[in-house]
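*Asks:* Here's a structure for you.
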Amino acid sequence: MTISLYDTKTRRLQELHPIHEGELSIYLCGATVQGSPHIGHLRSAVAFDTLIRWARRCGMTVTYVRNITDIDDKILAKSAEAGVPWWAWASKFEREFTRAYDALGLLPPTFEPRATAHIPQQIELAQRLIDRGHAYEDGRGNVYFDVRSLDDYGSLTHQRLEDLRSTEDESQLDAGVEAGKRDPRDFALWKARKETEPATASWESPWGWGRPGWHLECSAMSQRYLGDEFDIHGGGIDLRFPHHENEQAQSHGAGYPFARLWVHNAWVTMKGEKMSKSLGNSLVVADILREVPAPVLRFALGTVHHRSTVEYSQDTLDAAAQAWDRLVGFATRATELVGVVTGAQVEQHLVPQEFADALNDDLNVAGGMAVVWDRLKTGNQALAQTGEAAVETVREALLDVRVMMSVLGLDPLSEQWSAAEVSDVDSRGEAALDTLVTQLIEERARARSEKDWASADAIRDQLTHAGIVVEDGAQGARWHLA
């Protein structure tokens, strides 16, 4: 069955037919490294990480490009306010993004180009647009895209030019750049150097010293690494306009077919409000990970359909933690019974067809998780039984669960998560708790053997009240936190 994805441009599900059979090319708008990564940034990265894992699982070779915007109005403004060189400011937060990606177990991109490393390509693209009649210079060092010159401007977001006031992001607007526009809806391809900005933040061009506009880099770098046409362009829904609309306009104006499919993920919200720094409700990933285990955060962000909003709250985290504990608990108990299952064995195991059907249907991870819970239930039931058939059922359920969760980047026994560091204090605390709980479980077992049901039930109630779940099985009783 072919993978189908919802295409923003056509507003319908489209079957994915790669330009080159068996090879998938993806460009994802990455970080503007102006500040620390918050969970809104990671939402997009996790969603597309799952798509990439699934494509590879389906046998495709994936070329994945995720850019870094390291020169931008916001970077210049914030670095100046802090009294730090703009390039040092950008580098600091680029490293923070990398640590956040690694912490959540995201696959590295094939290429991760920086805007500042591709200035020649951006200048070349701007000149090409001028030569083709889609851009003009104002004589003051600025170059603009003429939106009226392109018949399909607005086709990505289904907007009419006459209904638009501007095609620039508000953060990119300033009187100096606006002054040279023939039409206020035109957008900047190249910005002349300002006296208030550091000289290091400009490059020589045919129009004088300056720097690229926000949108130019993605058109230039996607063409550089993926060619004139590629399979999927991705990003958050907040980038659809003006950023992605302007990217498409630049590339179409240059004569490139550009992206075949546009895939966008929804926001993370808190109390119904979009997660953003401007609203003052952004949550920095590094801060969250001091309180929340990385796989739990990934579970919360990555097991909701990519086009559905993630409502971030303590309830969301608690539900994710409980779900993760269920997965880890089953995988641990099953492994103790059937022996170690290697990563290679998991990779060779076939994904259940129902799970494949769900992910092929617009990457329906929620539907896929329903299959995971079904297999986990089957495995837990078999753990309570004896005999060779039960052991084989447990083994098959373990493989099913692990291979499905590996597609979601959450195989509980993978090297990424099983080797997760636990602090010495946590280790000692867990050992002490295990000693106390095990003693109570043994007392309960003695009471049951003596048919003292009242005492046995009282001990179980005591443990339940303390937030500890006891599960009885053929191999004896096990416990875990509720």
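Chain identifiers are assigned as A, B, and so on, following the order in which chains appear in the structure tokens; residues are numbered from 1 within each chain, and ligands are numbered from 1 in order of appearance.
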Got a sec to tell me which of region 100-268 of chain A DSSP assigns to strand (DSSP E or B), as a ChimeraX atom specification?
*Replies:* /A:111,114,135-137,143-145,187-192,203,210-212,229-236,258-265,268
*Asks:* Please give the complete set of residues from region 67-288 of chain A that DSSP, run on the backbone, assigns to alpha helix (DSSP H), formatted as a ChimeraX atom specification.
*Replies:* /A:73-82,86-103,119-131,175-178,216-226,245-253,285-288
*Asks:* Give me the residues near region 374-381 of chain A as a list of chain:residue names, where near means some atom within 7 Å (using only C-alpha atoms) and where sequence neighbours in that chain fewer than 6 positions away do not count.
*Replies:*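 Returned residues: A:Phe330, A:Thr393, A:Val394, A:Ala397, A:Asp400, A:Val401.
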*Asks:* Output C-alpha atoms for every residue in that selection, as a PDB file, in the first residue's frame.
*Replies:*
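selection-v6.pdb was written with the following content:
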```pdb
ATOM      1  CA  PHE A 330       5.783  -5.093  29.491  1.00  0.00           C
ATOM      2  CA  THR A 393       2.902 -15.498  22.239  1.00  0.00           C
ATOM      3  CA  VAL A 394       4.854 -13.241  24.594  1.00  0.00           C
ATOM      4  CA  ALA A 397       3.962  -9.601  21.146  1.00  0.00           C
ATOM      5  CA  ASP A 400       5.424  -6.505  17.515  1.00  0.00           C
ATOM      6  CA  VAL A 401       5.436  -3.821  20.200  1.00  0.00           C
TER       7      VAL A 401
END
```
*Asks:* Identify, on the basis of only C-alpha atoms, every residue whose closest approach to region 228-243 of chain A does not exceed 7 Å; exclude the query and any residue fewer than 5 positions from it along the same chain; express the result as a PDB file with C-alpha atoms, in the first residue's frame.
*Replies:*
```pdb
ATOM      1  CA  PRO A  18       8.690   9.809  -5.207  1.00  0.00           C
ATOM      2  CA  ILE A  19      10.361  11.466  -8.167  1.00  0.00           C
ATOM      3  CA  LEU A  24      12.458  10.136  -0.868  1.00  0.00           C
ATOM      4  CA  SER A  25      13.630  13.753  -0.674  1.00  0.00           C
ATOM      5  CA  ILE A  26      12.442  15.953   2.208  1.00  0.00           C
ATOM      6  CA  TYR A  27      13.175  19.562   3.077  1.00  0.00           C
ATOM      7  CA  LEU A  28      12.122  20.655   6.568  1.00  0.00           C
ATOM      8  CA  CYS A  29      12.316  24.260   7.730  1.00  0.00           C
ATOM      9  CA  SER A  44       7.684  19.649  14.104  1.00  0.00           C
ATOM     10  CA  THR A 157      -2.324  29.189   0.923  1.00  0.00           C
ATOM     11  CA  THR A 167       3.660  39.380   2.255  1.00  0.00           C
ATOM     12  CA  GLU A 168       6.334  39.972   4.886  1.00  0.00           C
ATOM     13  CA  ASP A 169       6.438  38.605   8.410  1.00  0.00           C
ATOM     14  CA  HIS A 215      12.826  33.323   2.553  1.00  0.00           C
ATOM     15  CA  GLN A 223      17.713  23.471  -4.837  1.00  0.00           C
ATOM     16  CA  TYR A 256      12.005  25.278 -10.655  1.00  0.00           C
ATOM     17  CA  PRO A 257       9.045  22.911 -10.036  1.00  0.00           C
ATOM     18  CA  PHE A 258      10.006  22.910  -6.315  1.00  0.00           C
ATOM     19  CA  ALA A 259       8.033  20.766  -3.819  1.00  0.00           C
ATOM     20  CA  ARG A 260       5.581  18.109  -4.963  1.00  0.00           C
ATOM     21  CA  LEU A 261       3.825  17.837  -1.588  1.00  0.00           C
ATOM     22  CA  TRP A 262       3.483  20.304   1.282  1.00  0.00           C
ATOM     23  CA  VAL A 263       3.118  18.681   4.707  1.00  0.00           C
ATOM     24  CA  HIS A 264       2.487  20.826   7.784  1.00  0.00           C
ATOM     25  CA  ASN A 265       2.179  19.940  11.443  1.00  0.00           C
ATOM     26  CA  ALA A 266      -0.130  21.644  13.943  1.00  0.00           C
TER      27      ALA A 266
END
```
*Asks:* Which is closest to Ala331 (chain A) among A:Ser414, A:Val310, A:Arg298, A:Gln121, if we use only C-alpha atoms?
*Replies:*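 Using only C-alpha atoms, Ala331 (chain A) sits closest to A:Ser414.
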*Asks:* Quick one: residues within 7 Å of region 346-351 of chain A, only C-alpha atoms counted, chain neighbours fewer than 4 positions away excluded, as a list in words?
*Replies:*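 So the residues in contact are Thr342, Phe355, Ala356, Leu399, Asp400, Arg402, Val403 and Met404 of chain A.
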*Asks:* Would you save the residues of that selection, restricted to N, CA and C atoms, as a PDB file, in the first residue's frame?
*Replies:*
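Listing of again_20.pdb after writing:
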```pdb
ATOM      1  N   THR A 342      17.445  -8.813  20.165  1.00  0.00           N
ATOM      2  CA  THR A 342      18.402  -7.808  19.701  1.00  0.00           C
ATOM      3  C   THR A 342      17.730  -6.761  18.814  1.00  0.00           C
ATOM      4  N   PHE A 355      -0.952  -1.745  11.757  1.00  0.00           N
ATOM      5  CA  PHE A 355      -0.112  -0.593  12.061  1.00  0.00           C
ATOM      6  C   PHE A 355       0.350   0.070  10.766  1.00  0.00           C
ATOM      7  N   ALA A 356       0.766  -0.749   9.796  1.00  0.00           N
ATOM      8  CA  ALA A 356       1.207  -0.212   8.508  1.00  0.00           C
ATOM      9  C   ALA A 356       0.077   0.538   7.821  1.00  0.00           C
ATOM     10  N   LEU A 399       8.090  -8.539  20.063  1.00  0.00           N
ATOM     11  CA  LEU A 399       8.636  -8.095  18.787  1.00  0.00           C
ATOM     12  C   LEU A 399       7.695  -7.106  18.101  1.00  0.00           C
ATOM     13  N   ASP A 400       6.396  -7.408  18.130  1.00  0.00           N
ATOM     14  CA  ASP A 400       5.424  -6.505  17.515  1.00  0.00           C
ATOM     15  C   ASP A 400       5.469  -5.118  18.160  1.00  0.00           C
ATOM     16  N   ARG A 402       7.839  -3.721  19.993  1.00  0.00           N
ATOM     17  CA  ARG A 402       9.111  -3.026  19.813  1.00  0.00           C
ATOM     18  C   ARG A 402       9.281  -2.501  18.392  1.00  0.00           C
ATOM     19  N   VAL A 403       8.873  -3.282  17.385  1.00  0.00           N
ATOM     20  CA  VAL A 403       9.076  -2.819  16.018  1.00  0.00           C
ATOM     21  C   VAL A 403       8.152  -1.637  15.715  1.00  0.00           C
ATOM     22  N   MET A 404       6.945  -1.663  16.253  1.00  0.00           N
ATOM     23  CA  MET A 404       6.039  -0.531  16.032  1.00  0.00           C
ATOM     24  C   MET A 404       6.542   0.719  16.746  1.00  0.00           C
TER      25      MET A 404
END
```
*Asks:* Could you tell me how far CA of Gln248 (chain A) sits from CA of Arg182 (chain A), in Å to one decimal place?
*Replies:*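 Taking CA of Arg182 (chain A) as the start and CA of Gln248 (chain A) as the end point, the length is 20.7 Å.
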*Asks:* Skip Glu23 (chain A) itself and residues of its chain fewer than 5 positions away, then list as a list of chain:residue names all residues within 10 Å of it, counting only C-alpha atoms.
*Replies:* A:His17, A:Pro18, A:Ala55, A:Arg56, A:Gly59, A:Met60, A:Thr61, A:Val62, A:Thr63, A:Asp231
*Asks:* Which polymer residues have any atom within 9 Å of an atom of region 70-76 of chain A, counting only C-alpha atoms, with same-chain residues fewer than 5 positions away left out, as a PyMOL selection string?
*Replies:* chain A and resi 31-35+81+85-87+89-91+94+114-116+171-172+197-198+201+211-214
*Asks:* Would you put the residues from that selection into a file with N, CA, C and O atoms, as a short mmCIF file (atom, residue, chain, number, x, y, z; two decimals), in the first residue's frame?
*Replies:*
```cif
data_model
loop_
_atom_site.label_atom_id
_atom_site.label_comp_id
_atom_site.auth_asym_id
_atom_site.auth_seq_id
_atom_site.Cartn_x
_atom_site.Cartn_y
_atom_site.Cartn_z
N ALA A 31 15.47 25.41 12.52
CA ALA A 31 15.44 26.45 13.55
C ALA A 31 16.01 27.78 13.07
O ALA A 31 16.98 27.83 12.33
N THR A 32 15.36 28.86 13.48
CA THR A 32 15.98 30.18 13.47
C THR A 32 16.61 30.32 14.84
O THR A 32 15.90 30.42 15.85
N VAL A 33 17.93 30.28 14.90
CA VAL A 33 18.62 30.12 16.19
C VAL A 33 18.76 31.47 16.90
O VAL A 33 19.85 31.97 17.15
N GLN A 34 17.63 32.00 17.28
CA GLN A 34 17.56 33.27 17.99
C GLN A 34 17.45 33.09 19.50
O GLN A 34 17.69 34.02 20.27
N GLY A 35 17.05 31.88 19.94
CA GLY A 35 16.86 31.62 21.36
C GLY A 35 16.79 30.12 21.60
O GLY A 35 16.93 29.31 20.68
N GLU A 81 21.06 43.45 21.78
CA GLU A 81 20.51 43.76 23.09
C GLU A 81 21.33 43.11 24.19
O GLU A 81 21.52 43.68 25.27
N PRO A 85 28.28 39.18 19.99
CA PRO A 85 28.35 39.10 18.53
C PRO A 85 27.24 38.22 17.98
O PRO A 85 26.95 37.16 18.55
N TRP A 86 26.65 38.63 16.87
CA TRP A 86 25.49 37.89 16.35
C TRP A 86 25.83 36.44 16.03
O TRP A 86 25.02 35.54 16.26
N TRP A 87 27.06 36.21 15.52
CA TRP A 87 27.44 34.84 15.14
C TRP A 87 27.65 33.96 16.37
O TRP A 87 27.37 32.76 16.34
N TRP A 89 25.98 34.44 19.20
CA TRP A 89 24.61 34.23 19.68
C TRP A 89 23.95 33.08 18.91
O TRP A 89 23.37 32.17 19.52
N ALA A 90 24.07 33.10 17.60
CA ALA A 90 23.47 32.05 16.77
C ALA A 90 24.10 30.68 17.06
O ALA A 90 23.41 29.67 17.16
N SER A 91 25.42 30.66 17.21
CA SER A 91 26.12 29.40 17.47
C SER A 91 25.69 28.78 18.80
O SER A 91 25.51 27.57 18.91
N GLU A 94 22.27 27.29 18.31
CA GLU A 94 22.35 26.13 17.41
C GLU A 94 22.75 24.89 18.20
O GLU A 94 22.18 23.81 18.02
N ARG A 114 23.57 25.80 6.78
CA ARG A 114 23.34 27.11 7.41
C ARG A 114 23.16 28.17 6.33
O ARG A 114 23.81 28.14 5.29
N ALA A 115 22.34 29.14 6.64
CA ALA A 115 22.09 30.23 5.68
C ALA A 115 23.38 30.97 5.35
O ALA A 115 23.64 31.31 4.19
N THR A 116 24.22 31.24 6.37
CA THR A 116 25.43 32.02 6.13
C THR A 116 26.46 31.27 5.30
O THR A 116 27.38 31.90 4.76
N SER A 171 8.03 40.68 11.81
CA SER A 171 9.37 40.87 12.36
C SER A 171 10.36 41.36 11.31
O SER A 171 11.44 41.84 11.64
N GLN A 172 10.00 41.21 10.03
CA GLN A 172 10.91 41.59 8.95
C GLN A 172 10.63 43.00 8.41
O GLN A 172 11.34 43.48 7.53
N GLU A 197 23.68 48.06 12.09
CA GLU A 197 24.00 46.63 12.18
C GLU A 197 25.49 46.41 12.02
O GLU A 197 26.17 47.18 11.34
N PRO A 198 26.03 45.35 12.62
CA PRO A 198 27.47 45.08 12.50
C PRO A 198 27.87 44.79 11.06
O PRO A 198 27.13 44.16 10.30
N ALA A 201 27.71 41.31 9.55
CA ALA A 201 26.42 40.72 9.19
C ALA A 201 26.02 41.12 7.77
O ALA A 201 24.84 41.22 7.46
N ARG A 211 22.56 41.53 3.15
CA ARG A 211 22.31 40.16 3.60
C ARG A 211 20.99 39.67 3.01
O ARG A 211 20.14 40.47 2.61
N PRO A 212 20.81 38.35 2.97
CA PRO A 212 19.59 37.81 2.35
C PRO A 212 18.35 38.05 3.20
O PRO A 212 18.42 38.16 4.42
N GLY A 213 17.20 38.12 2.52
CA GLY A 213 15.92 38.12 3.22
C GLY A 213 15.66 36.73 3.79
O GLY A 213 16.35 35.76 3.45
N TRP A 214 14.65 36.63 4.63
CA TRP A 214 14.38 35.38 5.35
C TRP A 214 14.09 34.21 4.43
O TRP A 214 14.55 33.10 4.65
#
```
*Asks:* For a test of reading the model, state the distance in Å between CA of Leu150 (chain A) and CA of Pro120 (chain A), rounded to one decimal.
*Replies:* 24.3 Å
*Asks:* Kindly indicate which residue among A:Val147, A:Met369, A:Ala47, A:Leu436 lies nearest to Gly133 (chain A), using only C-alpha atoms for the distances.
*Replies:* A:Val147
